[in-house]
$ cat query_29.cif   # mmCIF, C-alpha atoms
data_start
loop_
_atom_site.group_PDB
_atom_site.id
_atom_site.type_symbol
_atom_site.label_atom_id
_atom_site.label_comp_id
_atom_site.auth_asym_id
_atom_site.auth_seq_id
_atom_site.Cartn_x
_atom_site.Cartn_y
_atom_site.Cartn_z
ATOM 1 C CA MET I 1 -145.498 167.785 -135.392
ATOM 2 C CA SER I 2 -142.622 166.016 -133.722
ATOM 3 C CA PHE I 3 -140.883 163.034 -135.256
ATOM 4 C CA PRO I 4 -142.388 160.442 -132.832
ATOM 5 C CA GLU I 5 -145.858 161.795 -133.579
ATOM 6 C CA PHE I 6 -145.208 161.525 -137.302
ATOM 7 C CA CYS I 7 -144.027 157.899 -136.832
ATOM 8 C CA PHE I 8 -147.115 157.159 -134.748
ATOM 9 C CA LEU I 9 -149.447 158.518 -137.402
ATOM 10 C CA VAL I 10 -147.731 156.585 -140.205
ATOM 11 C CA LEU I 11 -147.941 153.380 -138.142
ATOM 12 C CA ALA I 12 -151.569 154.119 -137.251
ATOM 13 C CA THR I 13 -152.366 154.535 -140.942
ATOM 14 C CA ALA I 14 -150.727 151.206 -141.740
ATOM 15 C CA ALA I 15 -152.465 149.442 -138.839
ATOM 16 C CA ILE I 16 -155.919 150.749 -139.730
ATOM 17 C CA ALA I 17 -155.398 150.052 -143.439
ATOM 18 C CA GLY I 18 -154.462 146.458 -142.533
ATOM 19 C CA CYS I 19 -157.560 146.196 -140.339
ATOM 20 C CA ILE I 20 -159.788 147.474 -143.156
ATOM 21 C CA ILE I 21 -158.264 145.006 -145.632
ATOM 22 C CA THR I 22 -158.781 142.211 -143.114
ATOM 23 C CA LEU I 23 -162.378 143.222 -142.514
ATOM 24 C CA TRP I 24 -163.445 143.891 -146.107
ATOM 25 C CA SER I 25 -161.517 141.546 -148.337
ATOM 26 C CA ARG I 26 -163.383 138.746 -150.040
ATOM 27 C CA TYR I 27 -160.388 136.434 -149.992
ATOM 28 C CA ILE I 28 -158.897 135.003 -146.832
ATOM 29 C CA VAL I 29 -155.373 135.270 -148.249
ATOM 30 C CA HIS I 30 -155.777 139.043 -148.622
ATOM 31 C CA SER I 31 -157.122 139.171 -145.090
ATOM 32 C CA ALA I 32 -154.137 137.223 -143.792
ATOM 33 C CA PHE I 33 -151.787 139.721 -145.444
ATOM 34 C CA GLY I 34 -153.836 142.606 -144.019
ATOM 35 C CA LEU I 35 -153.423 141.003 -140.600
ATOM 36 C CA MET I 36 -149.681 140.815 -141.294
ATOM 37 C CA LEU I 37 -149.596 144.561 -142.062
ATOM 38 C CA THR I 38 -151.436 145.344 -138.836
ATOM 39 C CA LEU I 39 -149.149 143.123 -136.765
ATOM 40 C CA ILE I 40 -146.016 144.745 -138.228
ATOM 41 C CA ALA I 41 -147.488 148.170 -137.424
ATOM 42 C CA VAL I 42 -148.147 147.046 -133.831
ATOM 43 C CA ALA I 43 -144.499 145.936 -133.648
ATOM 44 C CA GLY I 44 -143.640 149.494 -134.724
ATOM 45 C CA PHE I 45 -145.749 150.828 -131.854
ATOM 46 C CA TYR I 46 -143.758 148.640 -129.472
ATOM 47 C CA VAL I 47 -140.555 150.181 -130.824
ATOM 48 C CA LEU I 48 -141.993 153.671 -130.272
ATOM 49 C CA LEU I 49 -142.883 152.683 -126.714
ATOM 50 C CA GLY I 50 -139.324 151.490 -126.080
ATOM 51 C CA SER I 51 -140.115 147.783 -125.780
ATOM 52 C CA ASP I 52 -137.609 146.338 -128.237
ATOM 53 C CA PHE I 53 -137.904 142.741 -126.994
ATOM 54 C CA LEU I 54 -141.641 142.625 -127.573
ATOM 55 C CA ALA I 55 -141.316 144.210 -131.029
ATOM 56 C CA VAL I 56 -138.884 141.545 -132.207
ATOM 57 C CA THR I 57 -140.919 138.767 -130.575
ATOM 58 C CA GLN I 58 -144.035 140.093 -132.297
ATOM 59 C CA ILE I 59 -142.355 139.965 -135.724
ATOM 60 C CA ILE I 60 -140.801 136.540 -135.208
ATOM 61 C CA VAL I 61 -143.767 134.772 -133.627
ATOM 62 C CA TYR I 62 -146.751 136.546 -135.207
ATOM 63 C CA VAL I 63 -145.587 137.559 -138.655
ATOM 64 C CA GLY I 64 -143.242 134.621 -139.090
ATOM 65 C CA GLY I 65 -145.322 131.967 -137.382
ATOM 66 C CA VAL I 66 -148.986 132.668 -136.767
ATOM 67 C CA VAL I 67 -149.747 134.363 -140.106
ATOM 68 C CA VAL I 68 -147.983 131.560 -141.989
ATOM 69 C CA LEU I 69 -150.049 129.102 -139.945
ATOM 70 C CA TYR I 70 -153.208 130.918 -141.054
ATOM 71 C CA LEU I 71 -152.044 130.780 -144.659
ATOM 72 C CA PHE I 72 -151.688 126.994 -144.311
ATOM 73 C CA GLY I 73 -155.169 126.850 -142.798
ATOM 74 C CA VAL I 74 -156.475 128.914 -145.720
ATOM 75 C CA MET I 75 -154.933 126.531 -148.223
ATOM 76 C CA LEU I 76 -156.580 123.538 -146.551
ATOM 77 C CA THR I 77 -160.115 124.939 -146.370
ATOM 78 C CA PRO I 78 -162.433 126.364 -149.036
ATOM 79 C CA PRO I 79 -162.884 130.123 -149.561
ATOM 80 C CA ASP I 80 -166.100 131.806 -148.539
ATOM 81 C CA LEU I 81 -167.160 134.139 -151.319
ATOM 82 C CA GLY I 82 -170.095 136.517 -151.285
ATOM 83 C CA GLU I 83 -170.544 136.354 -147.531
ATOM 84 C CA ARG I 84 -171.150 140.071 -147.047
ATOM 85 C CA SER I 85 -174.871 140.647 -146.646
ATOM 86 C CA VAL I 86 -175.925 144.275 -146.260
ATOM 87 C CA PRO I 87 -178.173 143.962 -143.142
ATOM 88 C CA ARG I 88 -175.440 142.080 -141.331
ATOM 89 C CA ILE I 89 -172.903 144.767 -142.218
ATOM 90 C CA LEU I 90 -175.277 147.505 -141.008
ATOM 91 C CA VAL I 91 -175.907 145.763 -137.685
ATOM 92 C CA VAL I 92 -172.267 144.932 -137.062
ATOM 93 C CA GLY I 93 -171.100 148.348 -138.274
ATOM 94 C CA GLY I 94 -173.551 150.152 -136.036
ATOM 95 C CA PHE I 95 -172.554 148.042 -133.073
ATOM 96 C CA SER I 96 -168.859 148.603 -133.786
ATOM 97 C CA VAL I 97 -169.205 152.372 -134.129
ATOM 98 C CA GLY I 98 -171.177 152.430 -130.891
ATOM 99 C CA ALA I 99 -168.508 150.411 -129.114
ATOM 100 C CA LEU I 100 -165.817 152.714 -130.559
ATOM 101 C CA VAL I 101 -167.549 155.865 -129.309
ATOM 102 C CA VAL I 102 -168.216 154.408 -125.852
ATOM 103 C CA LEU I 103 -164.662 153.120 -125.398
ATOM 104 C CA VAL I 104 -162.966 156.300 -126.655
ATOM 105 C CA ASN I 105 -165.166 158.297 -124.288
ATOM 106 C CA ALA I 106 -164.137 155.969 -121.477
ATOM 107 C CA ALA I 107 -160.449 156.393 -122.349
ATOM 108 C CA TYR I 108 -160.712 160.188 -122.310
ATOM 109 C CA GLY I 109 -162.868 160.049 -119.204
ATOM 110 C CA ILE I 110 -160.101 158.541 -117.074
ATOM 111 C CA LYS I 111 -159.669 160.891 -114.139
ATOM 112 C CA ALA I 112 -156.417 162.815 -113.971
ATOM 113 C CA SER I 113 -155.881 161.527 -110.415
ATOM 114 C CA ALA I 114 -155.933 157.943 -111.699
ATOM 115 C CA LEU I 115 -153.184 158.836 -114.159
ATOM 116 C CA SER I 116 -150.990 160.588 -111.603
ATOM 117 C CA GLY I 117 -148.249 157.957 -111.837
ATOM 118 C CA TYR I 118 -148.103 158.202 -115.613
ATOM 119 C CA ASP I 119 -145.781 160.822 -116.981
ATOM 120 C CA ALA I 120 -146.631 162.123 -120.443
ATOM 121 C CA ALA I 121 -142.967 162.868 -121.093
ATOM 122 C CA ALA I 122 -141.852 159.354 -120.070
ATOM 123 C CA GLY I 123 -143.472 157.476 -122.931
ATOM 124 C CA GLY I 124 -140.971 155.666 -125.090
ATOM 125 C CA THR I 125 -137.967 157.225 -123.370
ATOM 126 C CA ALA I 126 -136.537 153.992 -121.913
ATOM 127 C CA ARG I 127 -132.926 153.890 -123.056
ATOM 128 C CA GLY I 128 -130.983 150.766 -123.930
ATOM 129 C CA THR I 129 -132.281 147.269 -124.455
ATOM 130 C CA LEU I 130 -134.797 145.616 -122.177
ATOM 131 C CA ILE I 131 -133.660 142.095 -122.962
ATOM 132 C CA ARG I 132 -131.327 141.782 -119.962
ATOM 133 C CA ASP I 133 -134.011 142.940 -117.510
ATOM 134 C CA VAL I 134 -136.641 140.714 -119.114
ATOM 135 C CA GLY I 135 -134.346 137.675 -118.956
ATOM 136 C CA ARG I 136 -133.537 138.288 -115.313
ATOM 137 C CA LYS I 137 -137.191 138.649 -114.390
ATOM 138 C CA PHE I 138 -137.995 135.414 -116.185
ATOM 139 C CA MET I 139 -135.379 133.554 -114.147
ATOM 140 C CA ILE I 140 -136.087 134.963 -110.670
ATOM 141 C CA LYS I 141 -138.275 132.726 -108.551
ATOM 142 C CA ASP I 142 -140.378 135.488 -107.015
ATOM 143 C CA ASP I 143 -141.018 137.226 -110.311
ATOM 144 C CA TYR I 144 -142.027 135.213 -113.361
ATOM 145 C CA LEU I 145 -140.229 131.864 -113.150
ATOM 146 C CA LEU I 146 -143.408 129.867 -112.481
ATOM 147 C CA ALA I 147 -145.310 131.603 -115.274
ATOM 148 C CA PHE I 148 -142.358 131.053 -117.619
ATOM 149 C CA GLU I 149 -142.292 127.319 -116.930
ATOM 150 C CA LEU I 150 -146.077 127.078 -117.202
ATOM 151 C CA ALA I 151 -145.893 128.833 -120.577
ATOM 152 C CA SER I 152 -143.360 126.318 -121.831
ATOM 153 C CA VAL I 153 -145.520 123.411 -120.644
ATOM 154 C CA LEU I 154 -148.544 125.059 -122.299
ATOM 155 C CA LEU I 155 -146.685 125.311 -125.596
ATOM 156 C CA LEU I 156 -145.673 121.652 -125.354
ATOM 157 C CA ILE I 157 -149.282 120.654 -124.663
ATOM 158 C CA ALA I 158 -150.476 122.791 -127.583
ATOM 159 C CA LEU I 159 -147.908 121.188 -129.884
ATOM 160 C CA ILE I 160 -148.832 117.621 -128.963
ATOM 161 C CA GLY I 161 -152.536 118.431 -128.861
ATOM 162 C CA ALA I 162 -152.495 120.013 -132.317
ATOM 163 C CA VAL I 163 -150.726 116.995 -133.800
ATOM 164 C CA TYR I 164 -153.206 114.674 -132.084
ATOM 165 C CA ILE I 165 -156.309 116.616 -133.138
ATOM 166 C CA ALA I 166 -155.260 117.220 -136.741
ATOM 167 C CA ARG I 167 -153.990 113.728 -137.455
ATOM 168 C CA ARG I 168 -155.586 111.973 -140.393
ATOM 169 C CA ARG I 169 -157.990 109.225 -139.419
ATOM 170 C CA GLY I 170 -158.520 106.739 -142.201
ATOM 171 C CA GLU I 171 -162.277 106.384 -141.909
ATOM 172 C CA ALA I 172 -163.256 109.822 -140.618
ATOM 173 C CA VAL I 173 -161.873 111.822 -143.543
ATOM 174 C CA ARG I 174 -164.487 112.142 -146.227
ATOM 175 C CA MET V 1 -154.167 159.192 -144.581
ATOM 176 C CA ILE V 2 -157.042 157.262 -143.053
ATOM 177 C CA GLY V 3 -155.354 156.536 -139.733
ATOM 178 C CA CYS V 4 -154.068 160.071 -139.382
ATOM 179 C CA SER V 5 -157.439 161.641 -139.931
ATOM 180 C CA THR V 6 -159.245 159.033 -137.808
ATOM 181 C CA VAL V 7 -156.992 159.492 -134.792
ATOM 182 C CA ALA V 8 -157.004 163.272 -135.170
ATOM 183 C CA LEU V 9 -160.800 163.341 -135.483
ATOM 184 C CA LEU V 10 -161.289 161.112 -132.439
ATOM 185 C CA GLU V 11 -158.797 163.237 -130.514
ATOM 186 C CA VAL V 12 -160.574 166.488 -131.316
ATOM 187 C CA ALA V 13 -164.041 165.029 -130.697
ATOM 188 C CA ALA V 14 -163.121 163.508 -127.335
ATOM 189 C CA ALA V 15 -161.279 166.653 -126.271
ATOM 190 C CA ALA V 16 -164.348 168.721 -127.111
ATOM 191 C CA LEU V 17 -166.568 166.319 -125.140
ATOM 192 C CA HIS V 18 -164.412 166.463 -122.036
ATOM 193 C CA ASN V 19 -163.426 170.137 -122.219
ATOM 194 C CA THR V 20 -159.725 169.413 -122.365
ATOM 195 C CA ALA V 21 -157.334 170.983 -124.828
ATOM 196 C CA PRO V 22 -156.019 168.770 -127.633
ATOM 197 C CA SER V 23 -152.340 167.926 -127.337
ATOM 198 C CA GLU V 24 -150.005 170.695 -128.412
ATOM 199 C CA VAL V 25 -147.898 170.443 -131.531
ATOM 200 C CA GLY V 26 -144.353 169.348 -130.775
ATOM 201 C CA SER V 27 -145.118 167.597 -127.503
ATOM 202 C CA PRO V 28 -144.351 163.885 -126.976
ATOM 203 C CA ILE V 29 -147.013 161.395 -128.023
ATOM 204 C CA PRO V 30 -149.930 161.523 -125.550
ATOM 205 C CA LEU V 31 -150.816 158.295 -123.782
ATOM 206 C CA HIS V 32 -154.351 158.604 -125.089
ATOM 207 C CA TRP V 33 -153.233 158.111 -128.675
ATOM 208 C CA TYR V 34 -152.100 154.629 -127.793
ATOM 209 C CA LEU V 35 -155.341 153.962 -125.924
ATOM 210 C CA VAL V 36 -157.358 155.100 -128.951
ATOM 211 C CA MET V 37 -155.214 152.959 -131.277
ATOM 212 C CA SER V 38 -155.760 149.982 -129.007
ATOM 213 C CA ILE V 39 -159.506 150.628 -128.988
ATOM 214 C CA VAL V 40 -159.544 150.834 -132.787
ATOM 215 C CA LEU V 41 -157.736 147.482 -133.041
ATOM 216 C CA PHE V 42 -160.138 145.939 -130.524
ATOM 217 C CA VAL V 43 -163.231 147.223 -132.327
ATOM 218 C CA PHE V 44 -161.956 145.997 -135.707
ATOM 219 C CA GLY V 45 -161.285 142.582 -134.171
ATOM 220 C CA LEU V 46 -164.762 142.555 -132.665
ATOM 221 C CA ALA V 47 -166.314 143.551 -136.001
ATOM 222 C CA ILE V 48 -164.438 140.756 -137.787
ATOM 223 C CA VAL V 49 -165.522 138.186 -135.192
ATOM 224 C CA LEU V 50 -169.147 139.327 -135.462
ATOM 225 C CA SER V 51 -169.457 139.809 -139.208
ATOM 226 C CA ARG V 52 -167.534 136.959 -140.809
ATOM 227 C CA ARG V 53 -169.051 133.523 -141.172
ATOM 228 C CA ASN V 54 -165.836 131.562 -141.419
ATOM 229 C CA LEU V 55 -163.985 130.019 -138.497
ATOM 230 C CA ILE V 56 -160.573 131.199 -139.760
ATOM 231 C CA TYR V 57 -161.786 134.824 -139.903
ATOM 232 C CA ILE V 58 -163.008 134.532 -136.335
ATOM 233 C CA LEU V 59 -159.546 133.398 -135.253
ATOM 234 C CA ILE V 60 -157.977 136.347 -137.111
ATOM 235 C CA GLY V 61 -160.330 138.710 -135.254
ATOM 236 C CA ILE V 62 -159.316 137.157 -131.938
ATOM 237 C CA GLU V 63 -155.665 137.787 -132.826
ATOM 238 C CA LEU V 64 -156.459 141.480 -133.341
ATOM 239 C CA ILE V 65 -158.249 141.643 -129.978
ATOM 240 C CA LEU V 66 -155.278 140.040 -128.197
ATOM 241 C CA ASN V 67 -152.912 142.523 -129.880
ATOM 242 C CA ALA V 68 -155.081 145.408 -128.704
ATOM 243 C CA GLY V 69 -154.817 144.196 -125.121
ATOM 244 C CA SER V 70 -151.076 143.773 -125.363
ATOM 245 C CA LEU V 71 -150.596 147.234 -126.882
ATOM 246 C CA ASN V 72 -152.655 148.767 -124.061
ATOM 247 C CA PHE V 73 -150.526 147.008 -121.436
ATOM 248 C CA VAL V 74 -147.225 148.131 -122.945
ATOM 249 C CA ALA V 75 -148.454 151.712 -123.452
ATOM 250 C CA PHE V 76 -149.349 152.073 -119.777
ATOM 251 C CA GLY V 77 -146.066 150.460 -118.720
ATOM 252 C CA SER V 78 -144.019 152.707 -120.963
ATOM 253 C CA TYR V 79 -145.598 155.854 -119.551
ATOM 254 C CA ARG V 80 -145.042 154.737 -115.960
ATOM 255 C CA SER V 81 -141.414 153.717 -115.503
ATOM 256 C CA ARG V 82 -138.717 151.474 -116.921
ATOM 257 C CA GLU V 83 -139.522 148.836 -114.293
ATOM 258 C CA ALA V 84 -143.181 148.829 -115.331
ATOM 259 C CA LEU V 85 -142.166 148.667 -118.997
ATOM 260 C CA VAL V 86 -140.171 145.485 -118.294
ATOM 261 C CA ASP V 87 -143.151 143.979 -116.449
ATOM 262 C CA THR V 88 -145.599 144.831 -119.212
ATOM 263 C CA THR V 89 -143.162 143.527 -121.831
ATOM 264 C CA ILE V 90 -143.239 140.191 -120.024
ATOM 265 C CA VAL V 91 -147.035 140.286 -119.925
ATOM 266 C CA GLY V 92 -147.051 141.014 -123.652
ATOM 267 C CA THR V 93 -144.750 138.059 -124.234
ATOM 268 C CA PHE V 94 -147.150 135.789 -122.378
ATOM 269 C CA ILE V 95 -150.026 137.147 -124.470
ATOM 270 C CA ILE V 96 -148.075 136.243 -127.619
ATOM 271 C CA VAL V 97 -147.400 132.749 -126.229
ATOM 272 C CA LEU V 98 -151.095 132.263 -125.465
ATOM 273 C CA ALA V 99 -152.077 133.552 -128.908
ATOM 274 C CA ALA V 100 -149.668 131.170 -130.612
ATOM 275 C CA ALA V 101 -150.967 128.185 -128.617
ATOM 276 C CA GLU V 102 -154.556 129.249 -129.312
ATOM 277 C CA ALA V 103 -153.940 129.641 -133.045
ATOM 278 C CA THR V 104 -152.322 126.197 -133.266
ATOM 279 C CA ILE V 105 -155.069 124.337 -131.437
ATOM 280 C CA ALA V 106 -157.905 126.294 -133.028
ATOM 281 C CA LEU V 107 -156.597 125.713 -136.558
ATOM 282 C CA ALA V 108 -156.214 121.999 -135.809
ATOM 283 C CA ILE V 109 -159.841 121.974 -134.657
ATOM 284 C CA VAL V 110 -160.941 123.905 -137.772
ATOM 285 C CA LEU V 111 -159.186 121.394 -140.022
ATOM 286 C CA ASN V 112 -160.817 118.547 -138.105
ATOM 287 C CA VAL V 113 -164.266 120.173 -138.400
ATOM 288 C CA PHE V 114 -163.701 120.642 -142.125
ATOM 289 C CA GLY V 115 -162.698 116.993 -142.456
ATOM 290 C CA LEU V 116 -165.817 115.820 -140.611
ATOM 291 C CA PHE V 117 -168.500 118.249 -141.819
ATOM 292 C CA ASN V 118 -166.966 119.633 -145.027
ATOM 293 C CA THR V 119 -167.640 123.221 -143.913
ATOM 294 C CA VAL V 120 -165.877 125.997 -142.017
ATOM 295 C CA ARG V 121 -168.956 127.981 -141.064
ATOM 296 C CA PRO V 122 -169.395 128.223 -137.308
ATOM 297 C CA GLU V 123 -173.149 127.540 -137.431
ATOM 298 C CA ASP V 124 -173.066 124.435 -139.623
ATOM 299 C CA PRO V 125 -171.542 121.759 -137.350
ATOM 300 C CA ASN V 126 -174.534 120.953 -135.150
ATOM 301 C CA LEU V 127 -174.027 117.273 -134.347
ATOM 302 C CA LEU V 128 -172.288 115.821 -131.328
ATOM 303 C CA ARG V 129 -171.584 112.610 -133.232
ATOM 304 C CA GLU V 130 -169.892 111.894 -136.513
#

$ encode --input "query_29.cif" --output "structure tokens"
Amino acid sequence: MSFPEFCFLVLATAAIAGCIITLWSRYIVHSAFGLMLTLIAVAGFYVLLGSDFLAVTQIIVYVGGVVVLYLFGVMLTPPDLGERSVPRILVVGGFSVGALVVLVNAAYGIKASALSGYDAAAGGTARGTLIRDVGRKFMIKDDYLLAFELASVLLLIALIGAVYIARRRGEAVR
Amino acid sequence: MIGCSTVALLEVAAAALHNTAPSEVGSPIPLHWYLVMSIVLFVFGLAIVLSRRNLIYILIGIELILNAGSLNFVAFGSYRSREALVDTTIVGTFIIVLAAAEATIALAIVLNVFGLFNTVRPEDPNLLRE
């Protein structure tokens, strides 16, 4: 087993363990930390794939921002205990296993001709940082400049909208 | 090692189904491993969305689903060329931006629902008025 494969399997173990904690835990705080484990593992996958910019962005934005946001949300709402009814778990588990089998079959059923442009030896071999290329593409008009500006406007709208929605109204809060 | 055995089992099972040889020891990571990992993340997210009766859990499941999509994108880009990897990195960045905006707004809505109805179950708020 090569070193990248070993890294992949360790990261896969961490990601799936985080998913299981998130799915099974009775407490939302445990689930939020399970989500954090999974997101860090996905950042590790990005490193293995050679996408350093996305790995760091994932850690900063997701682990540092979104998970902390969920923890705040958890602190402001009540816990739901004893919500795991057995029939519901059977139905959802059966559906999930079915979806897993179908999708994995679909992934391995991709025709070799459709994958002709994808080189098995090329995965994760990009050398050097991607940040310069990413920054250039963001700033070139024909590439992603419009999407970049729209994303910034979207974030501004989300910021103002969240403040507006979550503001405390004197009479509505019971 | 749950993940190790899961991925290896899925690999062997799918290879047997499609009459292809499993990847050889010592070779670089096959693209399909990333696809399977992405599928596992997606299915876990779907299971969380379907099974939990709490709005915050549903948002957490949606985060997992978005991550699965992003991982799939970057895996295909990485196995194509450096140019494609840069493009898919940018797509992944936009997915993260969308997820952050979604989490902010959705949590604000959850807090508002809790303030109005005193519950975070998705089936309980059933009034259009206060």

$ interface_residues --input "query_29.cif" --of "chain I" --to "chain V" --cutoff "7 Å" --atoms "only C-alpha atoms" --output "NGL selection string"
:I and (1-2 or 4-5 or 9 or 12-13 or 16 or 19 or 23 or 49 or 51 or 54 or 66 or 73 or 88-89 or 92 or 96 or 99-100 or 103-105 or 107-108 or 117-124 or 126 or 130 or 133-134 or 155 or 158 or 161-162 or 165-166 or 172-174)

$ axis_aligned_box --input "query_29.cif" --around "stretch 96-99 of chain I" --padding-each-side "3 Å" --output "AutoDock Vina command-line options"
--center_x -169.8 --center_y 150.5 --center_z -131.6 --size_x 8.7 --size_y 9.8 --size_z 11.0

$ atom_distance --input "query_29.cif" --atom1 "atom CA of I:Ala32" --atom2 "atom CA of I:Gly44"
18.5 Å

$ atom_distance --input "query_29.cif" --atom1 "atom CA of I:Ala55" --atom2 "atom CA of I:Asp142"
25.6 Å

$ atom_distance --input "query_29.cif" --atom1 "atom CA of I:Met36" --atom2 "atom CA of I:Val67"
6.6 Å

$ closest_residue --input "query_29.cif" --among "V:Arg129, V:Ile95, V:Ile58, V:Glu123" --to "I:Val61" --atoms "only C-alpha atoms"
V:Ile95

$ resolve_selection --input "query_29.cif" --expression "the PyMOL selection byres ((chain I and resi 148) around 10)" --output "list in words"
Lys137, Phe138, Met139, Asp143, Tyr144, Leu145, Leu146, Ala147, Glu149, Leu150, Ala151, Ser152, Val153 and Leu154 of chain I; Ile90, Thr93 and Phe94 of chain V

$ build_atoms --input "query_29.cif" --residues "stretch 154-170 of chain I" --atoms "N, CA and C atoms" --output "PDB file, keeping the file's coordinate frame"
ATOM      1  N   LEU I 154    -147.352 124.795-121.465  1.00  0.00           N
ATOM      2  CA  LEU I 154    -148.544 125.059-122.299  1.00  0.00           C
ATOM      3  C   LEU I 154    -148.220 124.903-123.777  1.00  0.00           C
ATOM      4  N   LEU I 155    -147.057 125.423-124.185  1.00  0.00           N
ATOM      5  CA  LEU I 155    -146.685 125.311-125.596  1.00  0.00           C
ATOM      6  C   LEU I 155    -146.477 123.853-125.983  1.00  0.00           C
ATOM      7  N   LEU I 156    -145.874 123.072-125.061  1.00  0.00           N
ATOM      8  CA  LEU I 156    -145.673 121.652-125.354  1.00  0.00           C
ATOM      9  C   LEU I 156    -147.019 120.948-125.506  1.00  0.00           C
ATOM     10  N   ILE I 157    -147.952 121.262-124.581  1.00  0.00           N
ATOM     11  CA  ILE I 157    -149.282 120.654-124.663  1.00  0.00           C
ATOM     12  C   ILE I 157    -149.964 121.046-125.963  1.00  0.00           C
ATOM     13  N   ALA I 158    -149.840 122.332-126.343  1.00  0.00           N
ATOM     14  CA  ALA I 158    -150.476 122.791-127.583  1.00  0.00           C
ATOM     15  C   ALA I 158    -149.895 122.069-128.785  1.00  0.00           C
ATOM     16  N   LEU I 159    -148.572 121.878-128.768  1.00  0.00           N
ATOM     17  CA  LEU I 159    -147.908 121.188-129.884  1.00  0.00           C
ATOM     18  C   LEU I 159    -148.430 119.768-130.025  1.00  0.00           C
ATOM     19  N   ILE I 160    -148.396 119.019-128.906  1.00  0.00           N
ATOM     20  CA  ILE I 160    -148.832 117.621-128.963  1.00  0.00           C
ATOM     21  C   ILE I 160    -150.322 117.548-129.274  1.00  0.00           C
ATOM     22  N   GLY I 161    -151.094 118.445-128.640  1.00  0.00           N
ATOM     23  CA  GLY I 161    -152.536 118.431-128.861  1.00  0.00           C
ATOM     24  C   GLY I 161    -152.896 118.722-130.306  1.00  0.00           C
ATOM     25  N   ALA I 162    -152.189 119.683-130.924  1.00  0.00           N
ATOM     26  CA  ALA I 162    -152.495 120.013-132.317  1.00  0.00           C
ATOM     27  C   ALA I 162    -152.186 118.831-133.221  1.00  0.00           C
ATOM     28  N   VAL I 163    -151.063 118.172-132.981  1.00  0.00           N
ATOM     29  CA  VAL I 163    -150.726 116.995-133.800  1.00  0.00           C
ATOM     30  C   VAL I 163    -151.775 115.914-133.614  1.00  0.00           C
ATOM     31  N   TYR I 164    -152.233 115.730-132.358  1.00  0.00           N
ATOM     32  CA  TYR I 164    -153.206 114.674-132.084  1.00  0.00           C
ATOM     33  C   TYR I 164    -154.555 114.990-132.740  1.00  0.00           C
ATOM     34  N   ILE I 165    -154.993 116.252-132.606  1.00  0.00           N
ATOM     35  CA  ILE I 165    -156.309 116.616-133.138  1.00  0.00           C
ATOM     36  C   ILE I 165    -156.313 116.554-134.660  1.00  0.00           C
ATOM     37  N   ALA I 166    -155.248 117.067-135.285  1.00  0.00           N
ATOM     38  CA  ALA I 166    -155.260 117.220-136.741  1.00  0.00           C
ATOM     39  C   ALA I 166    -154.767 115.980-137.472  1.00  0.00           C
ATOM     40  N   ARG I 167    -154.516 114.896-136.758  1.00  0.00           N
ATOM     41  CA  ARG I 167    -153.990 113.728-137.455  1.00  0.00           C
ATOM     42  C   ARG I 167    -155.078 113.145-138.359  1.00  0.00           C
ATOM     43  N   ARG I 168    -154.663 112.471-139.393  1.00  0.00           N
ATOM     44  CA  ARG I 168    -155.586 111.973-140.393  1.00  0.00           C
ATOM     45  C   ARG I 168    -156.095 110.617-139.953  1.00  0.00           C
ATOM     46  N   ARG I 169    -157.398 110.526-139.734  1.00  0.00           N
ATOM     47  CA  ARG I 169    -157.990 109.225-139.419  1.00  0.00           C
ATOM     48  C   ARG I 169    -158.512 108.637-140.716  1.00  0.00           C
ATOM     49  N   GLY I 170    -158.195 107.359-140.923  1.00  0.00           N
ATOM     50  CA  GLY I 170    -158.520 106.739-142.201  1.00  0.00           C
ATOM     51  C   GLY I 170    -159.992 106.790-142.534  1.00  0.00           C
TER      52      GLY I 170
END
